[in-house]
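*Asks:* See upload.pdb below, with PDB, N, CA and C atoms.
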ATOM      1  N   MET G   1      51.307  -2.081 -83.649
ATOM      2  CA  MET G   1      52.320  -1.235 -84.254
ATOM      3  C   MET G   1      52.778  -0.207 -83.229
ATOM      4  N   ILE G   2      54.025   0.125 -83.256
ATOM      5  CA  ILE G   2      54.585   1.102 -82.332
ATOM      6  C   ILE G   2      54.073   2.486 -82.698
ATOM      7  N   ARG G   3      53.657   3.224 -81.677
ATOM      8  CA  ARG G   3      53.126   4.577 -81.897
ATOM      9  C   ARG G   3      54.297   5.559 -81.951
ATOM     10  N   ILE G   4      54.460   6.222 -83.095
ATOM     11  CA  ILE G   4      55.532   7.201 -83.282
ATOM     12  C   ILE G   4      54.928   8.587 -83.084
ATOM     13  N   PRO G   5      55.510   9.411 -82.218
ATOM     14  CA  PRO G   5      54.956  10.758 -82.009
ATOM     15  C   PRO G   5      54.952  11.573 -83.304
ATOM     16  N   ASN G   6      53.939  12.419 -83.447
ATOM     17  CA  ASN G   6      53.801  13.224 -84.663
ATOM     18  C   ASN G   6      54.991  14.148 -84.882
ATOM     19  N   ILE G   7      55.558  14.685 -83.820
ATOM     20  CA  ILE G   7      56.695  15.605 -83.976
ATOM     21  C   ILE G   7      57.892  14.875 -84.602
ATOM     22  N   VAL G   8      58.089  13.629 -84.227
ATOM     23  CA  VAL G   8      59.187  12.843 -84.807
ATOM     24  C   VAL G   8      58.925  12.604 -86.289
ATOM     25  N   LEU G   9      57.690  12.283 -86.619
ATOM     26  CA  LEU G   9      57.352  12.067 -88.031
ATOM     27  C   LEU G   9      57.509  13.349 -88.839
ATOM     28  N   ASN G  10      57.087  14.484 -88.277
ATOM     29  CA  ASN G  10      57.204  15.758 -88.999
ATOM     30  C   ASN G  10      58.664  16.143 -89.231
ATOM     31  N   ILE G  11      59.495  15.998 -88.213
ATOM     32  CA  ILE G  11      60.912  16.359 -88.349
ATOM     33  C   ILE G  11      61.609  15.436 -89.348
ATOM     34  N   SER G  12      61.362  14.135 -89.223
ATOM     35  CA  SER G  12      62.032  13.203 -90.131
ATOM     36  C   SER G  12      61.532  13.376 -91.568
ATOM     37  N   THR G  13      60.253  13.703 -91.748
ATOM     38  CA  THR G  13      59.745  13.973 -93.096
ATOM     39  C   THR G  13      60.462  15.167 -93.701
ATOM     40  N   GLY G  14      60.603  16.223 -92.905
ATOM     41  CA  GLY G  14      61.300  17.420 -93.387
ATOM     42  C   GLY G  14      62.751  17.152 -93.707
ATOM     43  N   LEU G  15      63.417  16.379 -92.853
ATOM     44  CA  LEU G  15      64.830  16.061 -93.104
ATOM     45  C   LEU G  15      64.990  15.228 -94.371
ATOM     46  N   PHE G  16      64.169  14.187 -94.495
ATOM     47  CA  PHE G  16      64.256  13.345 -95.690
ATOM     48  C   PHE G  16      63.973  14.153 -96.960
ATOM     49  N   ALA G  17      62.934  14.991 -96.911
ATOM     50  CA  ALA G  17      62.580  15.781 -98.092
ATOM     51  C   ALA G  17      63.673  16.794 -98.412
ATOM     52  N   GLY G  18      64.229  17.430 -97.380
ATOM     53  CA  GLY G  18      65.293  18.414 -97.598
ATOM     54  C   GLY G  18      66.550  17.794 -98.169
ATOM     55  N   ILE G  19      66.968  16.688 -97.604
ATOM     56  CA  ILE G  19      68.170  16.007 -98.110
ATOM     57  C   ILE G  19      67.927  15.481 -99.521
ATOM     58  N   GLY G  20      66.713  14.945 -99.756
ATOM     59  CA  GLY G  20      66.389  14.439-101.098
ATOM     60  C   GLY G  20      66.394  15.540-102.132
ATOM     61  N   ALA G  21      65.857  16.703-101.773
ATOM     62  CA  ALA G  21      65.837  17.820-102.717
ATOM     63  C   ALA G  21      67.245  18.357-102.953
ATOM     64  N   TYR G  22      68.071  18.375-101.919
ATOM     65  CA  TYR G  22      69.428  18.922-102.039
ATOM     66  C   TYR G  22      70.334  17.996-102.845
ATOM     67  N   THR G  23      70.258  16.703-102.566
ATOM     68  CA  THR G  23      71.159  15.749-103.218
ATOM     69  C   THR G  23      70.581  15.159-104.496
ATOM     70  N   GLY G  24      69.269  15.213-104.651
ATOM     71  CA  GLY G  24      68.652  14.595-105.819
ATOM     72  C   GLY G  24      68.531  13.087-105.681
ATOM     73  N   ASN G  25      68.737  12.578-104.492
ATOM     74  CA  ASN G  25      68.653  11.148-104.246
ATOM     75  C   ASN G  25      67.200  10.775-103.936
ATOM     76  N   TYR G  26      66.639   9.887-104.732
ATOM     77  CA  TYR G  26      65.238   9.523-104.587
ATOM     78  C   TYR G  26      64.966   8.677-103.350
ATOM     79  N   TRP G  27      65.967   8.032-102.800
ATOM     80  CA  TRP G  27      65.758   7.219-101.600
ATOM     81  C   TRP G  27      65.326   8.077-100.419
ATOM     82  N   TYR G  28      65.852   9.280-100.322
ATOM     83  CA  TYR G  28      65.440  10.174 -99.239
ATOM     84  C   TYR G  28      63.994  10.631 -99.438
ATOM     85  N   LEU G  29      63.618  10.876-100.678
ATOM     86  CA  LEU G  29      62.240  11.261-100.945
ATOM     87  C   LEU G  29      61.277  10.104-100.648
ATOM     88  N   CYS G  30      61.730   8.880-100.887
ATOM     89  CA  CYS G  30      60.920   7.709-100.526
ATOM     90  C   CYS G  30      60.774   7.619 -99.005
ATOM     91  N   GLY G  31      61.838   7.940 -98.276
ATOM     92  CA  GLY G  31      61.769   7.961 -96.813
ATOM     93  C   GLY G  31      60.765   8.986 -96.327
ATOM     94  N   SER G  32      60.726  10.124 -96.997
ATOM     95  CA  SER G  32      59.754  11.163 -96.662
ATOM     96  C   SER G  32      58.334  10.655 -96.889
ATOM     97  N   ALA G  33      58.116   9.969 -97.984
ATOM     98  CA  ALA G  33      56.790   9.424 -98.288
ATOM     99  C   ALA G  33      56.375   8.378 -97.259
ATOM    100  N   VAL G  34      57.319   7.573 -96.795
ATOM    101  CA  VAL G  34      57.015   6.566 -95.778
ATOM    102  C   VAL G  34      56.596   7.239 -94.473
ATOM    103  N   CYS G  35      57.294   8.315 -94.087
ATOM    104  CA  CYS G  35      56.929   9.042 -92.865
ATOM    105  C   CYS G  35      55.525   9.622 -92.972
ATOM    106  N   ILE G  36      55.188  10.158 -94.132
ATOM    107  CA  ILE G  36      53.847  10.707 -94.337
ATOM    108  C   ILE G  36      52.803   9.590 -94.274
ATOM    109  N   ALA G  37      53.111   8.448 -94.843
ATOM    110  CA  ALA G  37      52.177   7.322 -94.812
ATOM    111  C   ALA G  37      51.951   6.844 -93.381
ATOM    112  N   ILE G  38      53.005   6.782 -92.587
ATOM    113  CA  ILE G  38      52.863   6.370 -91.188
ATOM    114  C   ILE G  38      52.006   7.371 -90.421
ATOM    115  N   TYR G  39      52.231   8.665 -90.683
ATOM    116  CA  TYR G  39      51.434   9.703 -90.019
ATOM    117  C   TYR G  39      49.950   9.511 -90.304
ATOM    118  N   TYR G  40      49.588   9.337 -91.570
ATOM    119  CA  TYR G  40      48.180   9.188 -91.918
ATOM    120  C   TYR G  40      47.615   7.856 -91.448
ATOM    121  N   TYR G  41      48.448   6.822 -91.355
ATOM    122  CA  TYR G  41      47.982   5.549 -90.803
ATOM    123  C   TYR G  41      47.592   5.730 -89.340
ATOM    124  N   HIS G  42      48.438   6.434 -88.568
ATOM    125  CA  HIS G  42      48.121   6.692 -87.161
ATOM    126  C   HIS G  42      46.844   7.520 -87.038
ATOM    127  N   LYS G  43      46.694   8.501 -87.906
ATOM    128  CA  LYS G  43      45.511   9.361 -87.878
ATOM    129  C   LYS G  43      44.258   8.533 -88.167
ATOM    130  N   TRP G  44      44.323   7.644 -89.148
ATOM    131  CA  TRP G  44      43.205   6.783 -89.502
ATOM    132  C   TRP G  44      42.908   5.801 -88.362
ATOM    133  N   GLU G  45      43.958   5.247 -87.746
ATOM    134  CA  GLU G  45      43.794   4.295 -86.657
ATOM    135  C   GLU G  45      43.135   4.966 -85.454
ATOM    136  N   ASP G  46      43.539   6.206 -85.134
ATOM    137  CA  ASP G  46      42.940   6.941 -84.023
ATOM    138  C   ASP G  46      41.469   7.210 -84.282
ATOM    139  N   ASN G  47      41.134   7.553 -85.505
ATOM    140  CA  ASN G  47      39.745   7.840 -85.851
ATOM    141  C   ASN G  47      38.880   6.601 -85.670
ATOM    142  N   ASN G  48      39.352   5.452 -86.111
ATOM    143  CA  ASN G  48      38.591   4.210 -85.960
ATOM    144  C   ASN G  48      38.484   3.799 -84.505
ATOM    145  N   THR G  49      39.523   4.025 -83.720
ATOM    146  CA  THR G  49      39.507   3.665 -82.309
ATOM    147  C   THR G  49      38.496   4.506 -81.554
ATOM    148  N   GLU G  50      38.403   5.814 -81.857
ATOM    149  CA  GLU G  50      37.446   6.687 -81.184
ATOM    150  C   GLU G  50      36.025   6.235 -81.465
ATOM    151  N   GLN G  51      35.737   5.839 -82.684
ATOM    152  CA  GLN G  51      34.387   5.389 -83.013
ATOM    153  C   GLN G  51      34.049   4.118 -82.261
ATOM    154  N   THR G  52      34.997   3.202 -82.149
ATOM    155  CA  THR G  52      34.768   1.952 -81.436
ATOM    156  C   THR G  52      34.562   2.207 -79.957
ATOM    157  N   GLU G  53      35.374   3.085 -79.367
ATOM    158  CA  GLU G  53      35.241   3.370 -77.952
ATOM    159  C   GLU G  53      33.909   4.040 -77.654
ATOM    160  N   ASP G  54      33.436   4.899 -78.552
ATOM    161  CA  ASP G  54      32.146   5.548 -78.347
ATOM    162  C   ASP G  54      31.027   4.512 -78.288
ATOM    163  N   ASN G  55      31.123   3.492 -79.099
ATOM    164  CA  ASN G  55      30.083   2.472 -79.117
ATOM    165  C   ASN G  55      30.157   1.566 -77.900
ATOM    166  N   ASP G  56      31.323   1.378 -77.323
ATOM    167  CA  ASP G  56      31.485   0.464 -76.202
ATOM    168  C   ASP G  56      31.194   1.102 -74.856
ATOM    169  N   ASN G  57      31.056   2.420 -74.796
ATOM    170  CA  ASN G  57      30.856   3.080 -73.511
ATOM    171  C   ASN G  57      29.424   2.989 -73.015
ATOM    172  N   GLY G  58      28.488   2.580 -73.837
ATOM    173  CA  GLY G  58      27.094   2.479 -73.416
ATOM    174  C   GLY G  58      26.909   1.311 -72.460
ATOM    175  N   GLU G  59      25.811   1.353 -71.746
ATOM    176  CA  GLU G  59      25.516   0.250 -70.845
ATOM    177  C   GLU G  59      24.316  -0.512 -71.373
ATOM    178  N   LEU G  60      24.249  -1.779 -71.047
ATOM    179  CA  LEU G  60      23.151  -2.607 -71.504
ATOM    180  C   LEU G  60      21.928  -2.371 -70.642
ATOM    181  N   LEU G  61      20.754  -2.397 -71.266
ATOM    182  CA  LEU G  61      19.504  -2.230 -70.537
ATOM    183  C   LEU G  61      18.913  -3.600 -70.235
ATOM    184  N   THR G  62      18.200  -3.662 -69.122
ATOM    185  CA  THR G  62      17.442  -4.880 -68.843
ATOM    186  C   THR G  62      16.238  -4.889 -69.765
ATOM    187  N   ASP G  63      15.548  -6.023 -69.821
ATOM    188  CA  ASP G  63      14.370  -6.132 -70.682
ATOM    189  C   ASP G  63      13.296  -5.126 -70.281
ATOM    190  N   GLU G  64      13.124  -4.933 -68.982
ATOM    191  CA  GLU G  64      12.104  -3.998 -68.506
ATOM    192  C   GLU G  64      12.445  -2.561 -68.897
ATOM    193  N   GLU G  65      13.724  -2.191 -68.754
ATOM    194  CA  GLU G  65      14.145  -0.837 -69.124
ATOM    195  C   GLU G  65      14.000  -0.623 -70.629
ATOM    196  N   GLU G  66      14.359  -1.629 -71.388
ATOM    197  CA  GLU G  66      14.246  -1.516 -72.833
ATOM    198  C   GLU G  66      12.785  -1.355 -73.257
ATOM    199  N   LYS G  67      11.890  -2.102 -72.610
ATOM    200  CA  LYS G  67      10.462  -1.989 -72.908
ATOM    201  C   LYS G  67       9.952  -0.586 -72.573
ATOM    202  N   GLN G  68      10.418  -0.034 -71.439
ATOM    203  CA  GLN G  68       9.997   1.305 -71.039
ATOM    204  C   GLN G  68      10.482   2.351 -72.048
ATOM    205  N   VAL G  69      11.720   2.237 -72.479
ATOM    206  CA  VAL G  69      12.259   3.178 -73.463
ATOM    207  C   VAL G  69      11.483   3.068 -74.765
ATOM    208  N   TRP G  70      11.163   1.853 -75.172
ATOM    209  CA  TRP G  70      10.419   1.649 -76.414
ATOM    210  C   TRP G  70       9.032   2.275 -76.325
ATOM    211  N   GLU G  71       8.356   2.100 -75.189
ATOM    212  CA  GLU G  71       7.025   2.685 -75.025
ATOM    213  C   GLU G  71       7.085   4.209 -75.051
ATOM    214  N   GLU G  72       8.115   4.793 -74.428
ATOM    215  CA  GLU G  72       8.275   6.251 -74.455
ATOM    216  C   GLU G  72       8.526   6.730 -75.887
ATOM    217  N   PHE G  73       9.318   5.977 -76.619
ATOM    218  CA  PHE G  73       9.609   6.323 -78.007
ATOM    219  C   PHE G  73       8.336   6.259 -78.854
ATOM    220  N   GLN G  74       7.532   5.213 -78.659
ATOM    221  CA  GLN G  74       6.285   5.082 -79.404
ATOM    222  C   GLN G  74       5.336   6.225 -79.072
ATOM    223  N   GLY G  75       5.322   6.640 -77.788
ATOM    224  CA  GLY G  75       4.476   7.761 -77.378
ATOM    225  C   GLY G  75       4.891   9.044 -78.069
ATOM    226  N   LYS G  76       6.189   9.268 -78.220
ATOM    227  CA  LYS G  76       6.676  10.459 -78.916
ATOM    228  C   LYS G  76       6.308  10.421 -80.390
ATOM    229  N   LEU G  77       6.356   9.247 -80.990
ATOM    230  CA  LEU G  77       5.972   9.127 -82.397
ATOM    231  C   LEU G  77       4.491   9.430 -82.566
ATOM    232  N   ASP G  78       3.657   8.940 -81.639
ATOM    233  CA  ASP G  78       2.223   9.189 -81.720
ATOM    234  C   ASP G  78       1.933  10.688 -81.557
ATOM    235  N   ASP G  79       2.666  11.362 -80.679
ATOM    236  CA  ASP G  79       2.478  12.794 -80.478
ATOM    237  C   ASP G  79       2.865  13.574 -81.735
ATOM    238  N   ASP G  80       3.916  13.132 -82.415
ATOM    239  CA  ASP G  80       4.352  13.814 -83.625
ATOM    240  C   ASP G  80       3.349  13.644 -84.761
ATOM    241  N   ASP G  81       2.658  12.510 -84.789
ATOM    242  CA  ASP G  81       1.690  12.264 -85.842
ATOM    243  C   ASP G  81       0.485  13.174 -85.714
ATOM    244  N   ASN G  82       0.133  13.537 -84.480
ATOM    245  CA  ASN G  82      -1.056  14.385 -84.243
ATOM    246  C   ASN G  82      -0.727  15.778 -84.515
TER     247      ASN G  82
END
Let me see whether you can do it: turn the structure in this file into structure tokens.

*Replies:*
Amino acid sequence: MIRIPNIVLNISTGLFAGIGAYTGNYWYLCGSAVCIAIYYYHKWEDNNTEQTEDNDNGELLTDEEEKQVWEEFQGKLDDDDN
């Protein structure tokens, strides 16, 4: 989907809502609702993308490194139990 800048969405929402309120034409108010929906869709899409990117930035461990991390973790658990 094409990324529409927020300023464009805000201005067009205001224009549609203003014209709709002035003329009483519901089509302009529907246009305003569409602009708001697009804004929140972009906001939701950005939020999901950030979560995905955070998960992909990690690096894979070798088996030996993973075993070492696991042993350190087990040692911390044993220390907490005492």

*Asks:* Please indicate the distance in Å from atom CA of Trp44 of chain G to atom CA of Ser32 of chain G, rounded to one decimal place.

*Replies:*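 Going from atom CA of Trp44 of chain G over to atom CA of Ser32 of chain G covers 18.6 Å.
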
*Asks:* Skip Pro5 of chain G itself and residues of its chain fewer than 3 positions away, then list as a list of chain:residue names all residues within 10 Å of it, counting only C-alpha atoms.

*Replies:*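 Residues meeting the cut-off are G:Ile2, G:Val8, G:Leu9, G:Asn10, G:Tyr39, G:His42.
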
*Asks:* Using all atoms of segment 15-28 of chain G listed in the file and a margin of 4 Å per side, can you give the axis-aligned box centre and edge lengths in Å to one decimal, as AutoDock Vina command-line options?

*Replies:*
--center_x 66.9 --center_y 13.1 --center_z -99.3 --size_x 16.6 --size_y 19.7 --size_z 21.0

*Asks:* For atom C of Cys35 of chain G and atom C of Ser12 of chain G, determine how far apart the two atoms are, in Å to one decimal place.

*Replies:* 7.2 Å

*Asks:* How many Å lie between atom N of Ile19 of chain G and atom N of Ala33 of chain G, rounded to one decimal?

*Replies:* 11.1 Å

*Asks:* Check which residues satisfy the PyMOL selection byres (((chain G and resi 31 and name CA) around 12) and name CA) in the file shown, then give them as a PyMOL selection string.

*Replies:* chain G and resi 9-20+25-30+32-38
